[in-house]
$ cat my_file-v2.pdb   # PDB, N, CA and C atoms, pLDDT in the B column
ATOM      1  N   MET A   1      27.542  27.938  97.349  1.00 72.00           N
ATOM      2  CA  MET A   1      28.970  28.086  97.590  1.00 72.00           C
ATOM      3  C   MET A   1      29.480  26.854  98.334  1.00 72.00           C
ATOM      4  N   ARG A   2      30.550  26.268  97.839  1.00 82.00           N
ATOM      5  CA  ARG A   2      31.092  25.029  98.417  1.00 82.00           C
ATOM      6  C   ARG A   2      31.702  25.206  99.801  1.00 82.00           C
ATOM      7  N   HIS A   3      32.318  26.308 100.071  1.00 88.00           N
ATOM      8  CA  HIS A   3      33.080  26.493 101.313  1.00 88.00           C
ATOM      9  C   HIS A   3      32.385  27.447 102.269  1.00 88.00           C
ATOM     10  N   LYS A   4      31.070  27.387 102.291  1.00 91.00           N
ATOM     11  CA  LYS A   4      30.265  28.265 103.139  1.00 91.00           C
ATOM     12  C   LYS A   4      30.624  28.090 104.617  1.00 91.00           C
ATOM     13  N   ASP A   5      31.021  26.887 105.001  1.00 93.00           N
ATOM     14  CA  ASP A   5      31.350  26.606 106.397  1.00 93.00           C
ATOM     15  C   ASP A   5      32.599  27.346 106.880  1.00 93.00           C
ATOM     16  N   LYS A   6      33.388  27.894 105.988  1.00 94.00           N
ATOM     17  CA  LYS A   6      34.604  28.635 106.357  1.00 94.00           C
ATOM     18  C   LYS A   6      34.313  30.116 106.631  1.00 94.00           C
ATOM     19  N   LEU A   7      33.103  30.577 106.292  1.00 96.00           N
ATOM     20  CA  LEU A   7      32.760  31.996 106.422  1.00 96.00           C
ATOM     21  C   LEU A   7      32.147  32.306 107.781  1.00 96.00           C
ATOM     22  N   ILE A   8      32.201  33.567 108.153  1.00 95.00           N
ATOM     23  CA  ILE A   8      31.546  34.033 109.370  1.00 95.00           C
ATOM     24  C   ILE A   8      30.217  34.646 108.941  1.00 95.00           C
ATOM     25  N   LEU A   9      29.130  33.974 109.316  1.00 95.00           N
ATOM     26  CA  LEU A   9      27.791  34.405 108.916  1.00 95.00           C
ATOM     27  C   LEU A   9      26.913  34.600 110.147  1.00 95.00           C
ATOM     28  N   GLU A  10      26.002  35.537 110.049  1.00 93.00           N
ATOM     29  CA  GLU A  10      24.996  35.767 111.087  1.00 93.00           C
ATOM     30  C   GLU A  10      23.697  35.088 110.658  1.00 93.00           C
ATOM     31  N   ASP A  11      22.778  34.902 111.591  1.00 94.00           N
ATOM     32  CA  ASP A  11      21.471  34.338 111.247  1.00 94.00           C
ATOM     33  C   ASP A  11      20.780  35.217 110.216  1.00 94.00           C
ATOM     34  N   GLY A  12      20.261  34.602 109.174  1.00 95.00           N
ATOM     35  CA  GLY A  12      19.541  35.333 108.142  1.00 95.00           C
ATOM     36  C   GLY A  12      20.411  35.857 107.010  1.00 95.00           C
ATOM     37  N   ASP A  13      21.736  35.692 107.113  1.00 96.00           N
ATOM     38  CA  ASP A  13      22.639  36.133 106.037  1.00 96.00           C
ATOM     39  C   ASP A  13      22.453  35.257 104.794  1.00 96.00           C
ATOM     40  N   THR A  14      22.567  35.880 103.633  1.00 96.00           N
ATOM     41  CA  THR A  14      22.506  35.142 102.375  1.00 96.00           C
ATOM     42  C   THR A  14      23.763  35.450 101.562  1.00 96.00           C
ATOM     43  N   ILE A  15      24.150  34.484 100.741  1.00 96.00           N
ATOM     44  CA  ILE A  15      25.331  34.642  99.894  1.00 96.00           C
ATOM     45  C   ILE A  15      24.866  34.710  98.451  1.00 96.00           C
ATOM     46  N   GLN A  16      25.365  35.704  97.729  1.00 95.00           N
ATOM     47  CA  GLN A  16      24.969  35.894  96.332  1.00 95.00           C
ATOM     48  C   GLN A  16      26.234  36.064  95.482  1.00 95.00           C
ATOM     49  N   ARG A  17      26.305  35.265  94.415  1.00 94.00           N
ATOM     50  CA  ARG A  17      27.437  35.381  93.475  1.00 94.00           C
ATOM     51  C   ARG A  17      27.252  36.655  92.663  1.00 94.00           C
ATOM     52  N   LEU A  18      28.329  37.432  92.518  1.00 91.00           N
ATOM     53  CA  LEU A  18      28.242  38.690  91.781  1.00 91.00           C
ATOM     54  C   LEU A  18      28.478  38.519  90.288  1.00 91.00           C
ATOM     55  N   LEU A  19      29.492  37.757  89.935  1.00 80.00           N
ATOM     56  CA  LEU A  19      29.861  37.610  88.530  1.00 80.00           C
ATOM     57  C   LEU A  19      30.037  36.137  88.223  1.00 80.00           C
ATOM     58  N   PRO A  20      29.915  35.763  86.963  1.00 76.00           N
ATOM     59  CA  PRO A  20      30.262  34.382  86.611  1.00 76.00           C
ATOM     60  C   PRO A  20      31.736  34.131  86.924  1.00 76.00           C
ATOM     61  N   THR A  21      32.092  32.871  87.101  1.00 75.00           N
ATOM     62  CA  THR A  21      33.481  32.516  87.396  1.00 75.00           C
ATOM     63  C   THR A  21      34.392  33.091  86.326  1.00 75.00           C
ATOM     64  N   SER A  22      35.447  33.751  86.767  1.00 75.00           N
ATOM     65  CA  SER A  22      36.424  34.263  85.799  1.00 75.00           C
ATOM     66  C   SER A  22      37.653  33.372  85.843  1.00 75.00           C
ATOM     67  N   PHE A  23      38.199  33.134  84.693  1.00 71.00           N
ATOM     68  CA  PHE A  23      39.355  32.253  84.570  1.00 71.00           C
ATOM     69  C   PHE A  23      40.593  33.089  84.318  1.00 71.00           C
ATOM     70  N   GLY A  24      41.609  32.856  85.113  1.00 70.00           N
ATOM     71  CA  GLY A  24      42.879  33.525  84.910  1.00 70.00           C
ATOM     72  C   GLY A  24      43.916  32.489  84.538  1.00 70.00           C
ATOM     73  N   LYS A  25      45.074  32.936  84.242  1.00 64.00           N
ATOM     74  CA  LYS A  25      46.156  32.048  83.825  1.00 64.00           C
ATOM     75  C   LYS A  25      45.707  31.236  82.613  1.00 64.00           C
ATOM     76  N   HIS A  26      46.496  30.289  82.194  1.00 65.00           N
ATOM     77  CA  HIS A  26      46.140  29.514  81.016  1.00 65.00           C
ATOM     78  C   HIS A  26      45.447  28.209  81.406  1.00 65.00           C
ATOM     79  N   LEU A  27      44.649  27.689  80.520  1.00 66.00           N
ATOM     80  CA  LEU A  27      43.981  26.396  80.680  1.00 66.00           C
ATOM     81  C   LEU A  27      43.070  26.314  81.902  1.00 66.00           C
ATOM     82  N   GLY A  28      42.548  27.421  82.359  1.00 65.00           N
ATOM     83  CA  GLY A  28      41.669  27.403  83.521  1.00 65.00           C
ATOM     84  C   GLY A  28      42.392  27.017  84.796  1.00 65.00           C
ATOM     85  N   GLN A  29      43.681  27.272  84.845  1.00 86.00           N
ATOM     86  CA  GLN A  29      44.507  26.914  85.991  1.00 86.00           C
ATOM     87  C   GLN A  29      44.063  27.661  87.251  1.00 86.00           C
ATOM     88  N   GLU A  30      43.515  28.842  87.082  1.00 87.00           N
ATOM     89  CA  GLU A  30      43.081  29.638  88.229  1.00 87.00           C
ATOM     90  C   GLU A  30      41.688  30.189  87.963  1.00 87.00           C
ATOM     91  N   GLU A  31      40.772  29.950  88.916  1.00 88.00           N
ATOM     92  CA  GLU A  31      39.402  30.439  88.811  1.00 88.00           C
ATOM     93  C   GLU A  31      39.124  31.365  89.984  1.00 88.00           C
ATOM     94  N   THR A  32      38.427  32.461  89.708  1.00 89.00           N
ATOM     95  CA  THR A  32      38.101  33.425  90.750  1.00 89.00           C
ATOM     96  C   THR A  32      36.589  33.626  90.795  1.00 89.00           C
ATOM     97  N   ASP A  33      36.032  33.542  92.005  1.00 91.00           N
ATOM     98  CA  ASP A  33      34.606  33.806  92.221  1.00 91.00           C
ATOM     99  C   ASP A  33      34.466  34.938  93.219  1.00 91.00           C
ATOM    100  N   LEU A  34      33.494  35.807  92.995  1.00 94.00           N
ATOM    101  CA  LEU A  34      33.232  36.949  93.865  1.00 94.00           C
ATOM    102  C   LEU A  34      31.792  36.865  94.362  1.00 94.00           C
ATOM    103  N   TYR A  35      31.624  36.982  95.676  1.00 96.00           N
ATOM    104  CA  TYR A  35      30.305  36.880  96.306  1.00 96.00           C
ATOM    105  C   TYR A  35      30.059  38.083  97.208  1.00 96.00           C
ATOM    106  N   GLU A  36      28.783  38.352  97.475  1.00 97.00           N
ATOM    107  CA  GLU A  36      28.366  39.327  98.483  1.00 97.00           C
ATOM    108  C   GLU A  36      27.604  38.585  99.561  1.00 97.00           C
ATOM    109  N   ILE A  37      27.760  39.043 100.789  1.00 97.00           N
ATOM    110  CA  ILE A  37      26.946  38.531 101.884  1.00 97.00           C
ATOM    111  C   ILE A  37      26.016  39.658 102.296  1.00 97.00           C
ATOM    112  N   ARG A  38      24.723  39.341 102.300  1.00 97.00           N
ATOM    113  CA  ARG A  38      23.702  40.320 102.689  1.00 97.00           C
ATOM    114  C   ARG A  38      23.026  39.865 103.977  1.00 97.00           C
ATOM    115  N   ASN A  39      22.736  40.826 104.850  1.00 96.00           N
ATOM    116  CA  ASN A  39      22.036  40.474 106.081  1.00 96.00           C
ATOM    117  C   ASN A  39      20.541  40.296 105.802  1.00 96.00           C
ATOM    118  N   LYS A  40      19.764  40.007 106.838  1.00 95.00           N
ATOM    119  CA  LYS A  40      18.329  39.732 106.624  1.00 95.00           C
ATOM    120  C   LYS A  40      17.563  40.948 106.113  1.00 95.00           C
ATOM    121  N   GLU A  41      18.120  42.147 106.252  1.00 96.00           N
ATOM    122  CA  GLU A  41      17.483  43.351 105.705  1.00 96.00           C
ATOM    123  C   GLU A  41      17.890  43.591 104.257  1.00 96.00           C
ATOM    124  N   GLY A  42      18.802  42.773 103.724  1.00 95.00           N
ATOM    125  CA  GLY A  42      19.237  42.920 102.340  1.00 95.00           C
ATOM    126  C   GLY A  42      20.413  43.859 102.154  1.00 95.00           C
ATOM    127  N   ILE A  43      21.021  44.279 103.249  1.00 96.00           N
ATOM    128  CA  ILE A  43      22.165  45.195 103.191  1.00 96.00           C
ATOM    129  C   ILE A  43      23.452  44.383 103.063  1.00 96.00           C
ATOM    130  N   VAL A  44      24.324  44.793 102.158  1.00 97.00           N
ATOM    131  CA  VAL A  44      25.602  44.105 101.960  1.00 97.00           C
ATOM    132  C   VAL A  44      26.487  44.361 103.172  1.00 97.00           C
ATOM    133  N   THR A  45      26.948  43.263 103.800  1.00 97.00           N
ATOM    134  CA  THR A  45      27.817  43.380 104.979  1.00 97.00           C
ATOM    135  C   THR A  45      29.247  42.930 104.695  1.00 97.00           C
ATOM    136  N   SER A  46      29.421  42.030 103.725  1.00 97.00           N
ATOM    137  CA  SER A  46      30.749  41.502 103.419  1.00 97.00           C
ATOM    138  C   SER A  46      30.863  41.164 101.947  1.00 97.00           C
ATOM    139  N   GLU A  47      32.096  41.049 101.493  1.00 96.00           N
ATOM    140  CA  GLU A  47      32.349  40.490 100.169  1.00 96.00           C
ATOM    141  C   GLU A  47      33.317  39.328 100.356  1.00 96.00           C
ATOM    142  N   VAL A  48      33.169  38.324  99.513  1.00 96.00           N
ATOM    143  CA  VAL A  48      33.988  37.122  99.607  1.00 96.00           C
ATOM    144  C   VAL A  48      34.651  36.883  98.257  1.00 96.00           C
ATOM    145  N   ILE A  49      35.942  36.622  98.290  1.00 95.00           N
ATOM    146  CA  ILE A  49      36.689  36.273  97.083  1.00 95.00           C
ATOM    147  C   ILE A  49      37.220  34.853  97.278  1.00 95.00           C
ATOM    148  N   VAL A  50      36.945  33.991  96.303  1.00 94.00           N
ATOM    149  CA  VAL A  50      37.436  32.614  96.338  1.00 94.00           C
ATOM    150  C   VAL A  50      38.292  32.397  95.097  1.00 94.00           C
ATOM    151  N   ILE A  51      39.564  32.077  95.314  1.00 92.00           N
ATOM    152  CA  ILE A  51      40.483  31.816  94.207  1.00 92.00           C
ATOM    153  C   ILE A  51      40.903  30.354  94.299  1.00 92.00           C
ATOM    154  N   GLU A  52      40.621  29.608  93.233  1.00 91.00           N
ATOM    155  CA  GLU A  52      40.981  28.192  93.190  1.00 91.00           C
ATOM    156  C   GLU A  52      42.073  28.007  92.139  1.00 91.00           C
ATOM    157  N   HIS A  53      43.225  27.520  92.596  1.00 91.00           N
ATOM    158  CA  HIS A  53      44.379  27.345  91.711  1.00 91.00           C
ATOM    159  C   HIS A  53      44.686  25.854  91.604  1.00 91.00           C
ATOM    160  N   THR A  54      44.731  25.338  90.384  1.00 89.00           N
ATOM    161  CA  THR A  54      45.054  23.937  90.143  1.00 89.00           C
ATOM    162  C   THR A  54      46.408  23.845  89.456  1.00 89.00           C
ATOM    163  N   ASN A  55      47.276  23.036  90.020  1.00 87.00           N
ATOM    164  CA  ASN A  55      48.600  22.836  89.454  1.00 87.00           C
ATOM    165  C   ASN A  55      48.485  22.062  88.144  1.00 87.00           C
ATOM    166  N   THR A  56      49.261  22.416  87.153  1.00 83.00           N
ATOM    167  CA  THR A  56      49.185  21.749  85.851  1.00 83.00           C
ATOM    168  C   THR A  56      50.067  20.509  85.775  1.00 83.00           C
ATOM    169  N   LYS A  57      50.773  20.204  86.856  1.00 85.00           N
ATOM    170  CA  LYS A  57      51.638  19.018  86.878  1.00 85.00           C
ATOM    171  C   LYS A  57      51.072  17.996  87.857  1.00 85.00           C
ATOM    172  N   LYS A  58      51.283  16.732  87.540  1.00 88.00           N
ATOM    173  CA  LYS A  58      50.802  15.674  88.423  1.00 88.00           C
ATOM    174  C   LYS A  58      51.377  15.869  89.799  1.00 88.00           C
ATOM    175  N   PRO A  59      50.611  15.671  90.830  1.00 88.00           N
ATOM    176  CA  PRO A  59      49.286  15.067  90.937  1.00 88.00           C
ATOM    177  C   PRO A  59      48.135  16.075  90.848  1.00 88.00           C
ATOM    178  N   PHE A  60      48.342  17.217  90.194  1.00 87.00           N
ATOM    179  CA  PHE A  60      47.302  18.235  89.954  1.00 87.00           C
ATOM    180  C   PHE A  60      46.685  18.735  91.266  1.00 87.00           C
ATOM    181  N   ASN A  61      47.523  19.087  92.221  1.00 92.00           N
ATOM    182  CA  ASN A  61      47.050  19.609  93.503  1.00 92.00           C
ATOM    183  C   ASN A  61      46.278  20.906  93.314  1.00 92.00           C
ATOM    184  N   THR A  62      45.329  21.128  94.215  1.00 92.00           N
ATOM    185  CA  THR A  62      44.504  22.335  94.177  1.00 92.00           C
ATOM    186  C   THR A  62      44.685  23.116  95.468  1.00 92.00           C
ATOM    187  N   THR A  63      44.805  24.431  95.342  1.00 94.00           N
ATOM    188  CA  THR A  63      44.862  25.330  96.486  1.00 94.00           C
ATOM    189  C   THR A  63      43.695  26.303  96.363  1.00 94.00           C
ATOM    190  N   ILE A  64      42.931  26.447  97.452  1.00 95.00           N
ATOM    191  CA  ILE A  64      41.789  27.353  97.460  1.00 95.00           C
ATOM    192  C   ILE A  64      42.046  28.437  98.506  1.00 95.00           C
ATOM    193  N   HIS A  65      41.945  29.692  98.081  1.00 96.00           N
ATOM    194  CA  HIS A  65      42.137  30.840  98.975  1.00 96.00           C
ATOM    195  C   HIS A  65      40.789  31.522  99.144  1.00 96.00           C
ATOM    196  N   ILE A  66      40.330  31.598 100.395  1.00 97.00           N
ATOM    197  CA  ILE A  66      39.040  32.220 100.709  1.00 97.00           C
ATOM    198  C   ILE A  66      39.302  33.452 101.565  1.00 97.00           C
ATOM    199  N   MET A  67      38.801  34.596 101.114  1.00 97.00           N
ATOM    200  CA  MET A  67      38.944  35.821 101.890  1.00 97.00           C
ATOM    201  C   MET A  67      37.583  36.498 102.018  1.00 97.00           C
ATOM    202  N   GLN A  68      37.179  36.735 103.257  1.00 97.00           N
ATOM    203  CA  GLN A  68      35.929  37.456 103.540  1.00 97.00           C
ATOM    204  C   GLN A  68      36.300  38.800 104.138  1.00 97.00           C
ATOM    205  N   ARG A  69      35.839  39.857 103.489  1.00 97.00           N
ATOM    206  CA  ARG A  69      36.128  41.217 103.927  1.00 97.00           C
ATOM    207  C   ARG A  69      34.824  41.866 104.386  1.00 97.00           C
ATOM    208  N   HIS A  70      34.719  42.131 105.680  1.00 96.00           N
ATOM    209  CA  HIS A  70      33.530  42.767 106.249  1.00 96.00           C
ATOM    210  C   HIS A  70      33.615  44.270 106.025  1.00 96.00           C
ATOM    211  N   ILE A  71      32.492  44.893 105.763  1.00 94.00           N
ATOM    212  CA  ILE A  71      32.447  46.334 105.470  1.00 94.00           C
ATOM    213  C   ILE A  71      33.044  47.157 106.612  1.00 94.00           C
ATOM    214  N   GLU A  72      32.734  46.813 107.866  1.00 93.00           N
ATOM    215  CA  GLU A  72      33.200  47.604 109.000  1.00 93.00           C
ATOM    216  C   GLU A  72      34.433  47.023 109.691  1.00 93.00           C
ATOM    217  N   LYS A  73      34.539  45.686 109.726  1.00 92.00           N
ATOM    218  CA  LYS A  73      35.584  45.037 110.507  1.00 92.00           C
ATOM    219  C   LYS A  73      36.834  44.687 109.715  1.00 92.00           C
ATOM    220  N   GLY A  74      36.798  44.858 108.408  1.00 94.00           N
ATOM    221  CA  GLY A  74      37.947  44.495 107.582  1.00 94.00           C
ATOM    222  C   GLY A  74      37.963  43.000 107.289  1.00 94.00           C
ATOM    223  N   VAL A  75      39.143  42.438 107.104  1.00 95.00           N
ATOM    224  CA  VAL A  75      39.276  41.014 106.770  1.00 95.00           C
ATOM    225  C   VAL A  75      38.966  40.181 108.013  1.00 95.00           C
ATOM    226  N   VAL A  76      37.936  39.323 107.917  1.00 96.00           N
ATOM    227  CA  VAL A  76      37.549  38.473 109.041  1.00 96.00           C
ATOM    228  C   VAL A  76      37.875  37.000 108.768  1.00 96.00           C
ATOM    229  N   VAL A  77      38.047  36.632 107.490  1.00 96.00           N
ATOM    230  CA  VAL A  77      38.443  35.268 107.130  1.00 96.00           C
ATOM    231  C   VAL A  77      39.512  35.374 106.050  1.00 96.00           C
ATOM    232  N   ASP A  78      40.605  34.650 106.250  1.00 97.00           N
ATOM    233  CA  ASP A  78      41.668  34.565 105.246  1.00 97.00           C
ATOM    234  C   ASP A  78      42.251  33.160 105.362  1.00 97.00           C
ATOM    235  N   LYS A  79      41.666  32.214 104.639  1.00 96.00           N
ATOM    236  CA  LYS A  79      42.022  30.800 104.749  1.00 96.00           C
ATOM    237  C   LYS A  79      42.572  30.269 103.444  1.00 96.00           C
ATOM    238  N   ILE A  80      43.532  29.375 103.576  1.00 96.00           N
ATOM    239  CA  ILE A  80      44.062  28.657 102.419  1.00 96.00           C
ATOM    240  C   ILE A  80      43.851  27.173 102.696  1.00 96.00           C
ATOM    241  N   ILE A  81      43.226  26.513 101.723  1.00 95.00           N
ATOM    242  CA  ILE A  81      42.944  25.077 101.809  1.00 95.00           C
ATOM    243  C   ILE A  81      43.744  24.399 100.716  1.00 95.00           C
ATOM    244  N   ARG A  82      44.528  23.403 101.109  1.00 92.00           N
ATOM    245  CA  ARG A  82      45.325  22.658 100.139  1.00 92.00           C
ATOM    246  C   ARG A  82      44.792  21.237 100.044  1.00 92.00           C
ATOM    247  N   ASN A  83      44.627  20.757  98.808  1.00 81.00           N
ATOM    248  CA  ASN A  83      44.163  19.383  98.596  1.00 81.00           C
ATOM    249  C   ASN A  83      45.292  18.553  98.063  1.00 81.00           C
TER     250      ASN A  83
END

$ encode --input "my_file-v2.pdb" --output "structure tokens"
Amino acid sequence: MRHKDKLILEDGDTIQRLLPTSFGKHLGQEETDLYEIRNKEGIVTSEVIVIEHTNTKKPFNTTIHIMQRHIEKGVVVDKIIRN
């Protein structure tokens, strides 16, 4: 995962992609990735959704939305990165 540094992880946590990248909108303008975070015992503690949106007009700016939802604590990360 490219933006692992934006997530809240504990020692021993692993990130696993759930599904292949899904493309929304036309021309691959928007890509969505879904991940699970598992603790060292293998129990799922969080899910992460990464949505990458690329503008179809010059200069083709990209916006990345990262949301980490913890099973017990709710949303712990909700970041938007603009390039």

$ closest_residue --input "my_file-v2.pdb" --among "A:Asp13, A:Met1, A:Glu31, A:Ser46" --to "His70 in chain A" --atoms "only C-alpha atoms"
A:Ser46

$ resolve_selection --input "my_file-v2.pdb" --expression "the PyMOL selection byres ((chain A and resi 48-55) around 6.5)" --output "PDB file with N, CA and C atoms, keeping the file's coordinate frame"
ATOM      1  N   GLY A  28      42.548  27.421  82.359  1.00 65.00           N
ATOM      2  CA  GLY A  28      41.669  27.403  83.521  1.00 65.00           C
ATOM      3  C   GLY A  28      42.392  27.017  84.796  1.00 65.00           C
ATOM      4  N   GLN A  29      43.681  27.272  84.845  1.00 86.00           N
ATOM      5  CA  GLN A  29      44.507  26.914  85.991  1.00 86.00           C
ATOM      6  C   GLN A  29      44.063  27.661  87.251  1.00 86.00           C
ATOM      7  N   GLU A  30      43.515  28.842  87.082  1.00 87.00           N
ATOM      8  CA  GLU A  30      43.081  29.638  88.229  1.00 87.00           C
ATOM      9  C   GLU A  30      41.688  30.189  87.963  1.00 87.00           C
ATOM     10  N   GLU A  31      40.772  29.950  88.916  1.00 88.00           N
ATOM     11  CA  GLU A  31      39.402  30.439  88.811  1.00 88.00           C
ATOM     12  C   GLU A  31      39.124  31.365  89.984  1.00 88.00           C
ATOM     13  N   THR A  32      38.427  32.461  89.708  1.00 89.00           N
ATOM     14  CA  THR A  32      38.101  33.425  90.750  1.00 89.00           C
ATOM     15  C   THR A  32      36.589  33.626  90.795  1.00 89.00           C
ATOM     16  N   ASP A  33      36.032  33.542  92.005  1.00 91.00           N
ATOM     17  CA  ASP A  33      34.606  33.806  92.221  1.00 91.00           C
ATOM     18  C   ASP A  33      34.466  34.938  93.219  1.00 91.00           C
ATOM     19  N   LEU A  34      33.494  35.807  92.995  1.00 94.00           N
ATOM     20  CA  LEU A  34      33.232  36.949  93.865  1.00 94.00           C
ATOM     21  C   LEU A  34      31.792  36.865  94.362  1.00 94.00           C
ATOM     22  N   TYR A  35      31.624  36.982  95.676  1.00 96.00           N
ATOM     23  CA  TYR A  35      30.305  36.880  96.306  1.00 96.00           C
ATOM     24  C   TYR A  35      30.059  38.083  97.208  1.00 96.00           C
ATOM     25  N   GLU A  36      28.783  38.352  97.475  1.00 97.00           N
ATOM     26  CA  GLU A  36      28.366  39.327  98.483  1.00 97.00           C
ATOM     27  C   GLU A  36      27.604  38.585  99.561  1.00 97.00           C
ATOM     28  N   ILE A  37      27.760  39.043 100.789  1.00 97.00           N
ATOM     29  CA  ILE A  37      26.946  38.531 101.884  1.00 97.00           C
ATOM     30  C   ILE A  37      26.016  39.658 102.296  1.00 97.00           C
ATOM     31  N   SER A  46      29.421  42.030 103.725  1.00 97.00           N
ATOM     32  CA  SER A  46      30.749  41.502 103.419  1.00 97.00           C
ATOM     33  C   SER A  46      30.863  41.164 101.947  1.00 97.00           C
ATOM     34  N   GLU A  47      32.096  41.049 101.493  1.00 96.00           N
ATOM     35  CA  GLU A  47      32.349  40.490 100.169  1.00 96.00           C
ATOM     36  C   GLU A  47      33.317  39.328 100.356  1.00 96.00           C
ATOM     37  N   THR A  56      49.261  22.416  87.153  1.00 83.00           N
ATOM     38  CA  THR A  56      49.185  21.749  85.851  1.00 83.00           C
ATOM     39  C   THR A  56      50.067  20.509  85.775  1.00 83.00           C
ATOM     40  N   LYS A  57      50.773  20.204  86.856  1.00 85.00           N
ATOM     41  CA  LYS A  57      51.638  19.018  86.878  1.00 85.00           C
ATOM     42  C   LYS A  57      51.072  17.996  87.857  1.00 85.00           C
ATOM     43  N   LYS A  58      51.283  16.732  87.540  1.00 88.00           N
ATOM     44  CA  LYS A  58      50.802  15.674  88.423  1.00 88.00           C
ATOM     45  C   LYS A  58      51.377  15.869  89.799  1.00 88.00           C
ATOM     46  N   PHE A  60      48.342  17.217  90.194  1.00 87.00           N
ATOM     47  CA  PHE A  60      47.302  18.235  89.954  1.00 87.00           C
ATOM     48  C   PHE A  60      46.685  18.735  91.266  1.00 87.00           C
ATOM     49  N   ASN A  61      47.523  19.087  92.221  1.00 92.00           N
ATOM     50  CA  ASN A  61      47.050  19.609  93.503  1.00 92.00           C
ATOM     51  C   ASN A  61      46.278  20.906  93.314  1.00 92.00           C
ATOM     52  N   THR A  62      45.329  21.128  94.215  1.00 92.00           N
ATOM     53  CA  THR A  62      44.504  22.335  94.177  1.00 92.00           C
ATOM     54  C   THR A  62      44.685  23.116  95.468  1.00 92.00           C
ATOM     55  N   THR A  63      44.805  24.431  95.342  1.00 94.00           N
ATOM     56  CA  THR A  63      44.862  25.330  96.486  1.00 94.00           C
ATOM     57  C   THR A  63      43.695  26.303  96.363  1.00 94.00           C
ATOM     58  N   ILE A  64      42.931  26.447  97.452  1.00 95.00           N
ATOM     59  CA  ILE A  64      41.789  27.353  97.460  1.00 95.00           C
ATOM     60  C   ILE A  64      42.046  28.437  98.506  1.00 95.00           C
ATOM     61  N   HIS A  65      41.945  29.692  98.081  1.00 96.00           N
ATOM     62  CA  HIS A  65      42.137  30.840  98.975  1.00 96.00           C
ATOM     63  C   HIS A  65      40.789  31.522  99.144  1.00 96.00           C
ATOM     64  N   ILE A  66      40.330  31.598 100.395  1.00 97.00           N
ATOM     65  CA  ILE A  66      39.040  32.220 100.709  1.00 97.00           C
ATOM     66  C   ILE A  66      39.302  33.452 101.565  1.00 97.00           C
ATOM     67  N   MET A  67      38.801  34.596 101.114  1.00 97.00           N
ATOM     68  CA  MET A  67      38.944  35.821 101.890  1.00 97.00           C
ATOM     69  C   MET A  67      37.583  36.498 102.018  1.00 97.00           C
ATOM     70  N   GLN A  68      37.179  36.735 103.257  1.00 97.00           N
ATOM     71  CA  GLN A  68      35.929  37.456 103.540  1.00 97.00           C
ATOM     72  C   GLN A  68      36.300  38.800 104.138  1.00 97.00           C
ATOM     73  N   ARG A  69      35.839  39.857 103.489  1.00 97.00           N
ATOM     74  CA  ARG A  69      36.128  41.217 103.927  1.00 97.00           C
ATOM     75  C   ARG A  69      34.824  41.866 104.386  1.00 97.00           C
TER      76      ARG A  69
END

$ atom_distance --input "my_file-v2.pdb" --atom1 "CA of Leu19 in chain A" --atom2 "CA of Lys73 in chain A"
23.9 Å

$ closest_residue --input "my_file-v2.pdb" --among "A:Lys40, A:Leu7, A:Arg17, A:Phe23" --to "Asp78 in chain A" --atoms "only C-alpha atoms"
A:Leu7

$ atom_distance --input "my_file-v2.pdb" --atom1 "atom N of His3 in chain A" --atom2 "CA of Pro59 in chain A"
22.3 Å

$ atom_distance --input "my_file-v2.pdb" --atom1 "CA of Val75 in chain A" --atom2 "CA of Thr21 in chain A"
21.9 Å

$ residues_around --input "my_file-v2.pdb" --residues "Gly12 in chain A" --least-positions-apart "6" --cutoff "8 Å" --atoms "only N, CA and C atoms" --output "list in words"
Arg38, Asn39, Lys40, Glu41 and Gly42 of chain A

$ select_by_dssp --input "my_file-v2.pdb" --residues "range 23-66 of chain A" --states "strand (DSSP E)" --output "list in words"
Phe23, Gly24, Glu30, Glu31, Thr32, Asp33, Leu34, Tyr35, Glu36, Ile37, Arg38, Val44, Thr45, Ser46, Glu47, Val48, Ile49, Val50, Ile51, Glu52, His53, Thr54, Thr62, Thr63, Ile64, His65 and Ile66 of chain A

$ axis_aligned_box --input "my_file-v2.pdb" --around "range 15-23 of chain A" --padding-each-side "6 Å" --output "lines of an AutoDock Vina configuration file"
center_x = 32.4
center_y = 35.5
center_z = 92.5
size_x = 28.4
size_y = 18.4
size_z = 28.4
